[in-house]
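Trainee: Would you mind keeping the following structure in view while I ask a few things?
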Amino acid sequence: MDIALIVEGKNDRSRLRRVLAEEVPVLCTYGTPGTLQVEKLRRQVGDKQVYIFTDNDASGRRIRGILRDAFPDAEHIHTRRGYPGVEKTPEDYLIEQLEKAGLEAYILYPAQSAAIWNKEDQF
């Protein structure tokens with residue numbers, strides 16, 4: 001896998017796991033990362049392309065700033081203002097943001113409901 005996502009916490013990771021291929025590493029800062037956590041993330045990422053997906057709040061902006069210095073080539077993704085964090089963001093909006101970042105190949109799109117398929121089969 002040639003990409004890695006960095007998120008703030010394990011609930012964010014769980015939420016993204018629902019819409020991302022299992023083989024994509026989703027790493028956590030576990031809050032505002034200190035020097036040791038940043039170094040650990042650097043080792044885990046290796047030479048992968050980094051995508052940073054944080055909340056659009058003061059804490060998320062602070063974490064993005066720290067990670068911007070550590071991963072200057074990283075792509076930044078964040079939730080929309082008004083969503084209470086990545087872990088509470090609707091899946092369709094997460095997918096939209098991942099698509100904007102060019103990550104379509106790694107997205108697990110939800111299956112359409114059986115009712116839709118049955119309705120289409122009738123035509």
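We label chains A, B, ... in the order they appear in the structure tokens, count residues from 1 in each chain, and number ligands from 1 in the order shown.
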Would you pick out the contacts of segment 90-101 of chain A at 10 Å or less, using only C-alpha atoms, so that residues sharing its chain but fewer than 6 positions from it are not included, and give the list as a ChimeraX atom specification?
Mentor: /A:15-16,18-20,51,53,75-80,83,107-110
Trainee: Keeping only N, CA and C atoms, write the selected residues to a file as a compact mmCIF listing (two decimals), in the first residue's frame.
Mentor:
# COMPACT_ATOMS: atom_id res chain seq x y z
N ARG A 15 -14.27 5.02 12.23
CA ARG A 15 -15.23 5.59 11.28
C ARG A 15 -14.70 5.47 9.85
N LEU A 16 -13.43 5.80 9.64
CA LEU A 16 -12.85 5.72 8.30
C LEU A 16 -12.69 4.27 7.83
N ARG A 18 -14.76 2.08 7.96
CA ARG A 18 -16.03 1.68 7.33
C ARG A 18 -16.07 2.02 5.85
N VAL A 19 -15.24 2.98 5.42
CA VAL A 19 -15.28 3.42 4.02
C VAL A 19 -13.95 3.27 3.29
N LEU A 20 -12.94 2.70 3.96
CA LEU A 20 -11.62 2.52 3.35
C LEU A 20 -11.23 1.06 3.30
N TYR A 51 -1.83 11.25 4.05
CA TYR A 51 -3.06 12.04 4.03
C TYR A 51 -3.44 12.27 5.49
N PHE A 53 -6.25 13.56 7.99
CA PHE A 53 -7.70 13.78 8.02
C PHE A 53 -8.07 14.15 9.46
N GLU A 75 -1.11 15.46 2.07
CA GLU A 75 -2.38 16.04 1.62
C GLU A 75 -3.25 16.22 2.87
N HIS A 76 -3.93 17.34 2.96
CA HIS A 76 -4.76 17.61 4.13
C HIS A 76 -6.24 17.51 3.77
N ILE A 77 -6.94 16.74 4.59
CA ILE A 77 -8.38 16.56 4.45
C ILE A 77 -8.97 16.91 5.81
N HIS A 78 -10.12 17.55 5.83
CA HIS A 78 -10.74 17.81 7.12
C HIS A 78 -12.25 17.83 6.99
N THR A 79 -12.90 17.67 8.12
CA THR A 79 -14.36 17.67 8.13
C THR A 79 -14.86 19.09 7.92
N ARG A 80 -16.13 19.18 7.63
CA ARG A 80 -16.77 20.47 7.44
C ARG A 80 -17.10 21.05 8.82
N TYR A 83 -19.71 19.67 11.75
CA TYR A 83 -19.68 18.26 12.12
C TYR A 83 -18.85 18.13 13.38
N ILE A 107 -11.53 3.44 -1.66
CA ILE A 107 -12.82 3.63 -1.00
C ILE A 107 -13.68 2.39 -1.12
N LEU A 108 -14.32 2.02 -0.02
CA LEU A 108 -15.33 0.96 -0.01
C LEU A 108 -16.68 1.65 -0.11
N TYR A 109 -17.26 1.59 -1.28
CA TYR A 109 -18.55 2.25 -1.47
C TYR A 109 -19.66 1.37 -0.91
N PRO A 110 -20.63 1.97 -0.19
CA PRO A 110 -21.72 1.17 0.37
C PRO A 110 -22.55 0.54 -0.74
Trainee: Could you pull out the residues in segment 1-90 of chain A that DSSP calls strand (DSSP E) from the backbone, as a list in words?
Mentor: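 For segment 1-90 of chain A, the strand (DSSP E) set is Ile3, Ala4, Leu5, Ile6, Val7, Val26, Leu27, Cys28, Gln49, Val50, Tyr51, Ile52, Phe53, Thr54, Glu75, His76, Ile77 and His78 of chain A.
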Trainee: Near Thr29 of chain A, counting only C-alpha atoms, which residues have an atom at most 7 Å away, once you skip same-chain residues fewer than 4 positions from it, shown as a short mmCIF file (atom, residue, chain, number, x, y, z; two decimals) with N, CA and C atoms, in the first residue's frame?
Mentor:
data_model
loop_
_atom_site.label_atom_id
_atom_site.label_comp_id
_atom_site.auth_asym_id
_atom_site.auth_seq_id
_atom_site.Cartn_x
_atom_site.Cartn_y
_atom_site.Cartn_z
N VAL A 7 -5.07 10.25 11.51
CA VAL A 7 -6.25 10.85 12.12
C VAL A 7 -5.95 11.16 13.58
N GLU A 8 -6.89 11.83 14.23
CA GLU A 8 -6.67 12.24 15.63
C GLU A 8 -6.80 11.08 16.62
N GLY A 9 -7.81 10.24 16.47
CA GLY A 9 -8.03 9.22 17.49
C GLY A 9 -8.61 7.94 16.95
N PRO A 33 -0.05 15.52 19.12
CA PRO A 33 1.15 14.68 19.22
C PRO A 33 2.37 15.45 19.70
N GLN A 37 5.58 10.93 19.62
CA GLN A 37 4.48 10.43 18.79
C GLN A 37 4.70 10.77 17.32
#
Trainee: I'd like the interatomic distance between atom CA of Glu104 of chain A and atom CA of Thr89 of chain A, to a tenth of an Å.
Mentor: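 It comes out at 18.3 Å.
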Trainee: Which of these, A:Arg81, A:Arg13, A:Arg68, A:Lys40, has the shortest distance to Asn56 of chain A once you count only C-alpha atoms?
Mentor: A:Arg81
